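See below for the structure under consideration.
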Amino acid sequence: MNEKYLYSLIAVIALFLLAYAGVEAAGLQYLFGIIIPYLAIITFVVGFAMRIMDWASSPVPFRIPTTCGQQKSLPWIKHNKIDNPFTGGAVVIRMILEILFFRSLFRNTKCKMNEGPRISYVWEKWLWLFSLAFHYAFLTTLIRHLRFFLEPVPFLLQILEKVDGFLQIGLPGVLISGVVLLAAVIFLLLRRILIPQIRYFSLAADFFPLFLIIGIAVSGIMMRYFTKVNIVGVKELTMGLVTFHPHIPEGIGAIFYVHVFFVSVLLAYFPFSKLMHMGGVFLSPTRNLPTNTRAYRHINPWNPEVKIHTYQAYEDDFREKMIEAGLPVEKEL
Amino acid sequence: MANLKPDELIARIDYTPPSTGWMDTPTVIRAGMFCYAAKPPSVETLGLPYAREWNPLDDDWKLPANWKEIVLEGLRDRLERFRSFKVFMDICVRCGACADKCHFFIGTGDPKNMPVVRAELLRSVYRNDFTKAGKILGKLAGARELTLDVLKEWWYYFFQCTECRRCSVFCPYGIDTAEITMMAREIFNLLGLNIDWIATPVSNCYKTGNHMGIQPHAFKDMMDFFVDEIEEVTGVRVEPQFNKKGADILFITPSGDVFGDPGTFTAMGYMILHHYLKVNYGLSITWSTYASEGGNFGFFTSNEVMKRLNAKMYAEAKRLGVKWILGGECGHMWRVINQYMATMNGPADFLEEPVNPITGTKFENAKVTKMVHIAEFTADLIKHGKLNLDPKRNDHLKVTFHDSCNTSRGMGMFDEPRYVIKNVCNNFYDMPINCIREQTFCCGSGSGLNASEDMELRLSGGLPRANAVKYVHEKHGVNMLACVCAIDRAVLPPLMQYWVPEVDVTGLHEMVANALIIPGEKKKTVNLRGEDLPGMEDEADE
Amino acid sequence: MRLDNLLKRNKDAIVKKWLSLAIDAYPADTSKFIKSQKDPFANPVGNTFSNLGPLFDELLNEMDYKSITSYLYPIIRVRAVQPILSSSQSIGFILSLKKVIRESFKKEFSDNDILKELLVFELKIDELALIAFDVYMKCREQVYEIKANEERNRTFRAFERAGLLAETSADGPSL
């Protein structure tokens, strides 16, 4: 057992016990249901904003996009507008593809040698596929949860839930997003544990959010399908939170508080962790700038004054030799 | 020994090293994998700090007493000045997409050469001293303290990165290890930990105008010699111009091509092309001895030094009163020109927006920097039918093209050189798609690592590139590796000699010049290298 | 020749184990990559080990020096420029084959005849190791040769051609 994931696992189990015992034994519903969620939200919002402002406070001295396609040069050479974006609009498209479809991960091709010296290309696509599945399942789940914070539940949200549950297995119907989320996050975890290369550079900080998200998903699934949480009570509590009239209804099981506590920890942990890649991806100078530096001058706010070796100084050094070699000079001997 | 049974003896042979985390695996600085320390005079030329004699293999690197303070202050300063650096320190999720994309990892087999780990070497210290999580959780958050061993590890591995940016192509957040390596090297410079192969060219370039330290008269002598060579081969006497006021165009290319084979043949190629354009179209192009270096090893030193060396290009263009600047074939030179030059030393208001006077083509993509790549220029000439070419003269060549890292991932120049090649020779075969264009593999010697003492590093790092060349050699009989980079021309020959000795190396414009039918030329029987032209073998003997 | 039959029958398993030991010379994290990445362009190092099979065949047959060196070169040429491996590690993989065979047929070696055959076969492995040493040294010599010649090839020769060096200009005015 590797200490990195062991510590992370223990931490998540400890968090579980803390919330479970806190509610079941100590009756701290108010703490876990109201105070901690509020604090977590505040930490998340303030922390996230501060982090973004901190990044933004550092200037972008040079325009250094990674060019991943043919540049715009001569009119008859086909320009790759997306991977080598010349305009702001093209950059937006590049960023959309990057953020919504993980284009760079998708690029991960490899080629295979077949019988004879024939080559075929296959995508190394599992990482891309599961990352995408994970993020979209998470997003869907998140949006789905808005039903707990909105009254009446908007029509679009009801549609989403219908689509999410189209398989209509069991009662209550299985929501695909939850299953995909759990499956994808487990894939990402196993990948980190089983592939030695990835394990080599993985940190405890990489395992912790994975275990935490597994905890969130499992506790959510438990509530929905197994312990059958008191949904009316839950909605009462969540509506109380958003309307700033928080109170604790009776009859909500401890597992709910565990779920909320896990989410709170994730929110509070977010701004201080690698999860900030969510904000950072928008600020990455190798992706979010046009590649037109030869056509439009980029300004470096701290462009340093430097000492250069002038032509005059150069000619002073070599004048005699230059004249002898027949090179033109500014000042004769 | 006597009591040991053979089986037990065999069992003791265990080649598997202990599997420890990277932080717990000490770094050993191995001969062949690093470049010698900078000589003090080279460091002093530009007034860089802590010039001294030191040896990477010694325990004592003779660091200033407050070195730790300098490093941390240097990091803080750069975090505040470079958003790229700050964001890249924070957002890596260690997904591993980059891990097996680095030629040094693939070739050296050293796991610390995985781009993510290379960055983590520095990130671990960043977390320890600049983030709350690192300060509180320490090693659990991936933080570690800056120690002398950590500094040495940085030095060893950040000089095993060629800033080729291949990892950044595959990174979902565009994290660019080159950027991190550049910051690390800036910090080494604060401590006088330069390598000689970078510091000496920088010092030479500053003083004499070029990396080789060639003085103006010697530069002229060398070019005069090329004039004779060209006359011998073509019967035409070209007349290169130097420091010529009022010329149309200033031409700047890496000095490596003027002083080292096989780049010299590319330099002759430029001279022949210039002559052709002068005679046919009256275009006046001048060389400069003051700005006689296109390459910029300052780029591998610090952004300030890069600016100091680059400034000469505009200064010379202004002094000579040319319309715009034409740049020769070079890799990192073009990353500097394309992504840094106008920002650092612009605006170049004294120049005109570049227009090819022969074809009327406006180079709109270069309208502010006012510097055009010669592959763009030549492709335009060929497209408009302005060059009289006989590609059959290159029929003995089966050519493949090595995309240089910097013109690929810092510019995106892929189809211009390919268009030129296809017009000057009849046999062209690209390497497999995941080894070319934006996915091209580095020569293994870029970013100032093309010394001789680190030959093992270069040969192993160049293996992925050589391996792909070997493939097209075996499949198509490729015997010539074309490139648009002076460092490539210097380092690919030994790389080929070791891995694929049947393949030689050429610059783009050597092939152009060999195919070019020059007005007044004699019946050509040999090319610039003195090799028989196809179909002319018999006449060559006469 | 009962050992030969045994080896022939189990060739695939033996070569697989041999390969594994050969690659394990690298740090664990690298070796897993070398073993798993099948793309010959992304993993040229791992790709060279496809030659272990033919090498094993040579041991079973006549041991043709020329063929053997042609199989060894691709593997050893890589290892010769990887200072992460010591010299002994670079060619030690040949001797790992002894370990593989001894461990694979422990039971069979209780038979004295087979054991005698093994001793003969191991002499062949020793010979292979010596050939590997030759190949390794050739590669190392080439590296040093490249190192030594590089400066000359690069700059000196161009200068010399141009007559910019004192020794050639002594022959008379070449320019």
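Labeling convention for the structure tokens: chains A, B, ... as they appear, residues from 1 per chain, ligands from 1 in order of appearance.
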### Task
Could you please select, counting only C-alpha atoms, the residues of chain A within 6 Å of chain B and state them as a PyMOL selection string?
chain A and resi 58-60+63+66-71+73+104-105+203-205+274+277+281+285-286+293-299+308+321-322+325
Convert the current residue selection to file output with C-alpha atoms, as a PDB file, in the first residue's frame.
```pdb
ATOM      1  CA  SER A  58       0.673  38.757 -12.751  1.00  0.00           C
ATOM      2  CA  PRO A  59       0.987  40.240 -16.230  1.00  0.00           C
ATOM      3  CA  VAL A  60       1.491  38.341 -19.457  1.00  0.00           C
ATOM      4  CA  ARG A  63       2.591  36.123 -26.124  1.00  0.00           C
ATOM      5  CA  THR A  66       1.680  26.792 -28.418  1.00  0.00           C
ATOM      6  CA  THR A  67       1.028  26.597 -32.138  1.00  0.00           C
ATOM      7  CA  CYS A  68      -0.499  23.262 -33.050  1.00  0.00           C
ATOM      8  CA  GLY A  69      -1.232  23.785 -36.734  1.00  0.00           C
ATOM      9  CA  GLN A  70      -0.166  25.648 -39.849  1.00  0.00           C
ATOM     10  CA  GLN A  71       0.397  29.375 -39.273  1.00  0.00           C
ATOM     11  CA  SER A  73       1.236  33.175 -43.802  1.00  0.00           C
ATOM     12  CA  SER A 104      -5.437  18.535 -26.285  1.00  0.00           C
ATOM     13  CA  LEU A 105      -6.076  15.277 -24.462  1.00  0.00           C
ATOM     14  CA  LEU A 203       0.702  13.076  -4.778  1.00  0.00           C
ATOM     15  CA  ALA A 204      -1.561  12.574  -1.794  1.00  0.00           C
ATOM     16  CA  ALA A 205      -3.212  15.727  -3.099  1.00  0.00           C
ATOM     17  CA  LYS A 274      -5.159  21.551  -8.078  1.00  0.00           C
ATOM     18  CA  HIS A 277      -7.452  24.015 -12.924  1.00  0.00           C
ATOM     19  CA  VAL A 281      -7.468  26.696 -17.839  1.00  0.00           C
ATOM     20  CA  PRO A 285      -1.110  31.848 -21.938  1.00  0.00           C
ATOM     21  CA  THR A 286      -0.188  28.990 -24.259  1.00  0.00           C
ATOM     22  CA  THR A 293       2.591  38.371 -32.629  1.00  0.00           C
ATOM     23  CA  ARG A 294       4.325  39.251 -35.875  1.00  0.00           C
ATOM     24  CA  ALA A 295       1.316  41.262 -37.037  1.00  0.00           C
ATOM     25  CA  TYR A 296       0.192  42.925 -33.793  1.00  0.00           C
ATOM     26  CA  ARG A 297       2.610  44.062 -31.149  1.00  0.00           C
ATOM     27  CA  HIS A 298       2.031  42.624 -27.712  1.00  0.00           C
ATOM     28  CA  ILE A 299       2.951  44.999 -24.905  1.00  0.00           C
ATOM     29  CA  ILE A 308      23.121  46.804 -25.541  1.00  0.00           C
ATOM     30  CA  LYS A 321      40.193  45.300 -39.330  1.00  0.00           C
ATOM     31  CA  MET A 322      36.942  46.238 -41.026  1.00  0.00           C
ATOM     32  CA  ALA A 325      38.730  43.775 -45.121  1.00  0.00           C
TER      33      ALA A 325
END
```
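Look at Val46 of chain A: the protein and nucleic acid residues within 9 Å of it, using only C-alpha atoms and passing over chain neighbours fewer than 5 places away, are Ile41, Arg51 and Pro271 of chain A.
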Create the file for the chosen residues now, containing N, CA and C atoms and written as a CSV table (one decimal), in the first residue's frame.
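Generated file (part-v4.csv):
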```
chain,number,residue,atom,x,y,z
A,41,ILE,N,-19.2,27.4,1.5
A,41,ILE,CA,-19.6,28.2,0.3
A,41,ILE,C,-18.8,29.5,0.3
A,51,ARG,N,-8.0,33.6,-5.8
A,51,ARG,CA,-7.0,32.9,-6.6
A,51,ARG,C,-7.0,33.4,-8.0
A,271,PRO,N,-10.3,25.9,-3.6
A,271,PRO,CA,-9.4,27.0,-4.0
A,271,PRO,C,-8.0,26.8,-3.6
```
Which residues of chain B come within 7 Å of chain C, and what is each one's closest atom pair and distance in Å (one decimal), counting only C-alpha atoms, sorted by chain and residue number, as JSON lines?
```
{"residue": "B:Ile10", "atom": "CA", "partner": "C:Lys99", "partner_atom": "CA", "distance": 5.9}
{"residue": "B:Tyr15", "atom": "CA", "partner": "C:Ala25", "partner_atom": "CA", "distance": 4.7}
{"residue": "B:Thr16", "atom": "CA", "partner": "C:Ala25", "partner_atom": "CA", "distance": 5.2}
{"residue": "B:Pro17", "atom": "CA", "partner": "C:Pro27", "partner_atom": "CA", "distance": 5.9}
{"residue": "B:Ser19", "atom": "CA", "partner": "C:Ala28", "partner_atom": "CA", "distance": 6.0}
{"residue": "B:Arg30", "atom": "CA", "partner": "C:Pro83", "partner_atom": "CA", "distance": 6.6}
{"residue": "B:Ile106", "atom": "CA", "partner": "C:Asn43", "partner_atom": "CA", "distance": 6.2}
{"residue": "B:Gly107", "atom": "CA", "partner": "C:Val45", "partner_atom": "CA", "distance": 6.9}
{"residue": "B:Thr108", "atom": "CA", "partner": "C:Gln82", "partner_atom": "CA", "distance": 5.3}
{"residue": "B:Gly109", "atom": "CA", "partner": "C:Thr30", "partner_atom": "CA", "distance": 5.7}
{"residue": "B:Asp110", "atom": "CA", "partner": "C:Ile84", "partner_atom": "CA", "distance": 6.6}
{"residue": "B:Pro111", "atom": "CA", "partner": "C:Thr30", "partner_atom": "CA", "distance": 5.6}
{"residue": "B:Met222", "atom": "CA", "partner": "C:Ala162", "partner_atom": "CA", "distance": 6.3}
{"residue": "B:Phe225", "atom": "CA", "partner": "C:Ala162", "partner_atom": "CA", "distance": 5.6}
{"residue": "B:Phe259", "atom": "CA", "partner": "C:Thr155", "partner_atom": "CA", "distance": 5.7}
{"residue": "B:Gly260", "atom": "CA", "partner": "C:Thr155", "partner_atom": "CA", "distance": 4.5}
{"residue": "B:Asp261", "atom": "CA", "partner": "C:Arg154", "partner_atom": "CA", "distance": 5.3}
{"residue": "B:Ser452", "atom": "CA", "partner": "C:Lys147", "partner_atom": "CA", "distance": 5.4}
{"residue": "B:Met455", "atom": "CA", "partner": "C:Lys147", "partner_atom": "CA", "distance": 6.5}
{"residue": "B:Glu456", "atom": "CA", "partner": "C:Val81", "partner_atom": "CA", "distance": 4.7}
{"residue": "B:Leu459", "atom": "CA", "partner": "C:Val81", "partner_atom": "CA", "distance": 6.5}
{"residue": "B:Ser460", "atom": "CA", "partner": "C:Val81", "partner_atom": "CA", "distance": 5.7}
{"residue": "B:Pro464", "atom": "CA", "partner": "C:Pro44", "partner_atom": "CA", "distance": 6.3}
{"residue": "B:Asn467", "atom": "CA", "partner": "C:Pro44", "partner_atom": "CA", "distance": 6.6}
{"residue": "B:Ala468", "atom": "CA", "partner": "C:Phe41", "partner_atom": "CA", "distance": 6.4}
{"residue": "B:Ala490", "atom": "CA", "partner": "C:Arg154", "partner_atom": "CA", "distance": 6.7}
{"residue": "B:Pro494", "atom": "CA", "partner": "C:Ile146", "partner_atom": "CA", "distance": 6.3}
```
### Query
Which distance in Å separates atom CA of Tyr136 of chain C and atom CA of Leu72 of chain C, to one decimal?
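Separation of atom CA of Tyr136 of chain C and atom CA of Leu72 of chain C: 9.0 Å.
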Ile101 of chain C surroundings by only C-alpha atoms, 12 Å radius, close-in-sequence under 6 positions cut, as an mmCIF file with C-alpha atoms, in the first residue's frame:
```
data_model
loop_
_atom_site.group_PDB
_atom_site.id
_atom_site.type_symbol
_atom_site.label_atom_id
_atom_site.label_comp_id
_atom_site.auth_asym_id
_atom_site.auth_seq_id
_atom_site.Cartn_x
_atom_site.Cartn_y
_atom_site.Cartn_z
ATOM 1 C CA ASP B 7 21.762 -20.588 -7.989
ATOM 2 C CA ILE B 10 22.417 -15.869 -9.876
ATOM 3 C CA LEU C 3 17.430 -29.534 -23.036
ATOM 4 C CA ASP C 4 17.213 -28.129 -26.534
ATOM 5 C CA LEU C 6 12.753 -28.144 -23.599
ATOM 6 C CA LEU C 7 14.041 -24.718 -24.565
ATOM 7 C CA LYS C 8 12.456 -24.807 -27.986
ATOM 8 C CA ASN C 10 9.147 -23.073 -23.990
ATOM 9 C CA LYS C 11 10.753 -20.413 -26.124
ATOM 10 C CA ALA C 13 7.733 -18.061 -22.092
ATOM 11 C CA ILE C 14 11.500 -17.886 -21.674
ATOM 12 C CA VAL C 15 11.935 -14.933 -24.006
ATOM 13 C CA LYS C 16 9.115 -13.133 -22.250
ATOM 14 C CA LYS C 17 10.744 -13.555 -18.855
ATOM 15 C CA TRP C 18 14.109 -12.633 -20.305
ATOM 16 C CA PHE C 56 17.513 -16.935 -28.424
ATOM 17 C CA ILE C 94 22.438 -11.419 -21.546
ATOM 18 C CA LEU C 95 23.380 -13.179 -18.318
ATOM 19 C CA LYS C 107 12.782 -29.797 -11.519
ATOM 20 C CA GLU C 108 14.270 -30.981 -14.774
ATOM 21 C CA PHE C 109 17.791 -30.118 -13.647
ATOM 22 C CA LEU C 115 22.263 -30.526 -16.117
ATOM 23 C CA LEU C 118 22.773 -26.876 -19.340
ATOM 24 C CA LEU C 119 26.471 -26.353 -18.620
ATOM 25 C CA PHE C 121 24.305 -24.183 -23.113
ATOM 26 C CA GLU C 122 25.493 -21.701 -20.522
ATOM 27 C CA ILE C 125 25.328 -17.669 -23.150
#
```
